[in-house]
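Participant: First the structure, which I've put down as structure tokens, then a few questions once you've had a look.
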Amino acid sequence: MNEQDARAAVIAAIEEVAPDVDTADLDDSWRIRQDLELDSLDFLRLIEILAESTGVDTPEEDYTALTTVQSFTDYISQRG
């Protein structure tokens, strides 16, 4: 999966998990938990939605590397 498709999948997942987040102005450096204010359950739901939409399973040991919009995009594009 290319980076553009991966970013679109990440944005779509964020919109589903946090519909109040304005993704039109989403910056790749924004932190998922702090800047987007996603709690642990939202984070897990984000992982689940991305697995369903992209086919990329994320093992729990990789969760700590997924901190920003860009890190999610990179992770999905490299494995998708």
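Ligands are numbered from 1 in the order shown, chains are lettered A, B, ... in the order of the structure tokens, and residues start at 1 in each chain.
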With a distance cut-off of 12 Å and only C-alpha atoms, select the neighbouring residues of Arg79 (chain A), excluding the residue or stretch itself and same-chain residues fewer than 6 positions from it, and output the selection as an NGL selection string.
Facilitator: :A and (1-3 or 6 or 50-51 or 54-58 or 72-73)
Participant: Give me the residues of region 52-78 of chain A that have any atom at most 7 Å from an atom of region 19-41 of chain A; for each, the nearest atom pair and the distance in Å, rounded to one decimal. Use only C-alpha atoms, sort by chain and number, and format it as JSON lines.
Facilitator:
```
{"residue": "A:Thr67", "atom": "CA", "partner": "A:Arg31", "partner_atom": "CA", "distance": 5.5}
{"residue": "A:Thr68", "atom": "CA", "partner": "A:Arg31", "partner_atom": "CA", "distance": 4.2}
{"residue": "A:Val69", "atom": "CA", "partner": "A:Asp28", "partner_atom": "CA", "distance": 4.8}
{"residue": "A:Gln70", "atom": "CA", "partner": "A:Asp28", "partner_atom": "CA", "distance": 4.8}
```
Participant: Take the residues from that selection and put them in a file with all heavy atoms, as a PDB file, in the first residue's frame.
Facilitator:
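As a result, result-v5.pdb now contains:
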```pdb
ATOM      1  N   THR A  67       2.479   6.573  17.695  1.00  0.00           N
ATOM      2  CA  THR A  67       2.177   7.725  18.543  1.00  0.00           C
ATOM      3  C   THR A  67       1.602   8.910  17.778  1.00  0.00           C
ATOM      4  O   THR A  67       0.901   9.724  18.355  1.00  0.00           O
ATOM      5  CB  THR A  67       3.447   8.186  19.287  1.00  0.00           C
ATOM      6  OG1 THR A  67       4.449   8.476  18.312  1.00  0.00           O
ATOM      7  CG2 THR A  67       3.933   7.107  20.250  1.00  0.00           C
ATOM      8  N   THR A  68       1.917   9.012  16.488  1.00  0.00           N
ATOM      9  CA  THR A  68       1.475  10.157  15.689  1.00  0.00           C
ATOM     10  C   THR A  68       0.704   9.681  14.460  1.00  0.00           C
ATOM     11  O   THR A  68       0.742   8.497  14.108  1.00  0.00           O
ATOM     12  CB  THR A  68       2.672  10.995  15.196  1.00  0.00           C
ATOM     13  OG1 THR A  68       3.458  10.198  14.315  1.00  0.00           O
ATOM     14  CG2 THR A  68       3.514  11.521  16.352  1.00  0.00           C
ATOM     15  N   VAL A  69       0.061  10.614  13.806  1.00  0.00           N
ATOM     16  CA  VAL A  69      -0.633  10.304  12.553  1.00  0.00           C
ATOM     17  C   VAL A  69       0.378   9.751  11.551  1.00  0.00           C
ATOM     18  O   VAL A  69       0.120   8.753  10.869  1.00  0.00           O
ATOM     19  CB  VAL A  69      -1.342  11.559  12.000  1.00  0.00           C
ATOM     20  CG1 VAL A  69      -1.927  11.292  10.628  1.00  0.00           C
ATOM     21  CG2 VAL A  69      -2.421  12.041  12.971  1.00  0.00           C
ATOM     22  N   GLN A  70       1.563  10.350  11.480  1.00  0.00           N
ATOM     23  CA  GLN A  70       2.596   9.897  10.541  1.00  0.00           C
ATOM     24  C   GLN A  70       3.090   8.495  10.874  1.00  0.00           C
ATOM     25  O   GLN A  70       3.310   7.689   9.974  1.00  0.00           O
ATOM     26  CB  GLN A  70       3.776  10.870  10.507  1.00  0.00           C
ATOM     27  CG  GLN A  70       4.801  10.526   9.432  1.00  0.00           C
ATOM     28  CD  GLN A  70       4.222  10.619   8.030  1.00  0.00           C
ATOM     29  OE1 GLN A  70       3.638  11.623   7.681  1.00  0.00           O
ATOM     30  NE2 GLN A  70       4.367   9.571   7.231  1.00  0.00           N
TER      31      GLN A  70
END
```
Participant: When DSSP is applied to the backbone of this structure, which of chain A are assigned helix (DSSP H, G or I)? Write them out as a ChimeraX atom specification.
Facilitator: /A:3-17,23-25,40-54,60-65,69-79
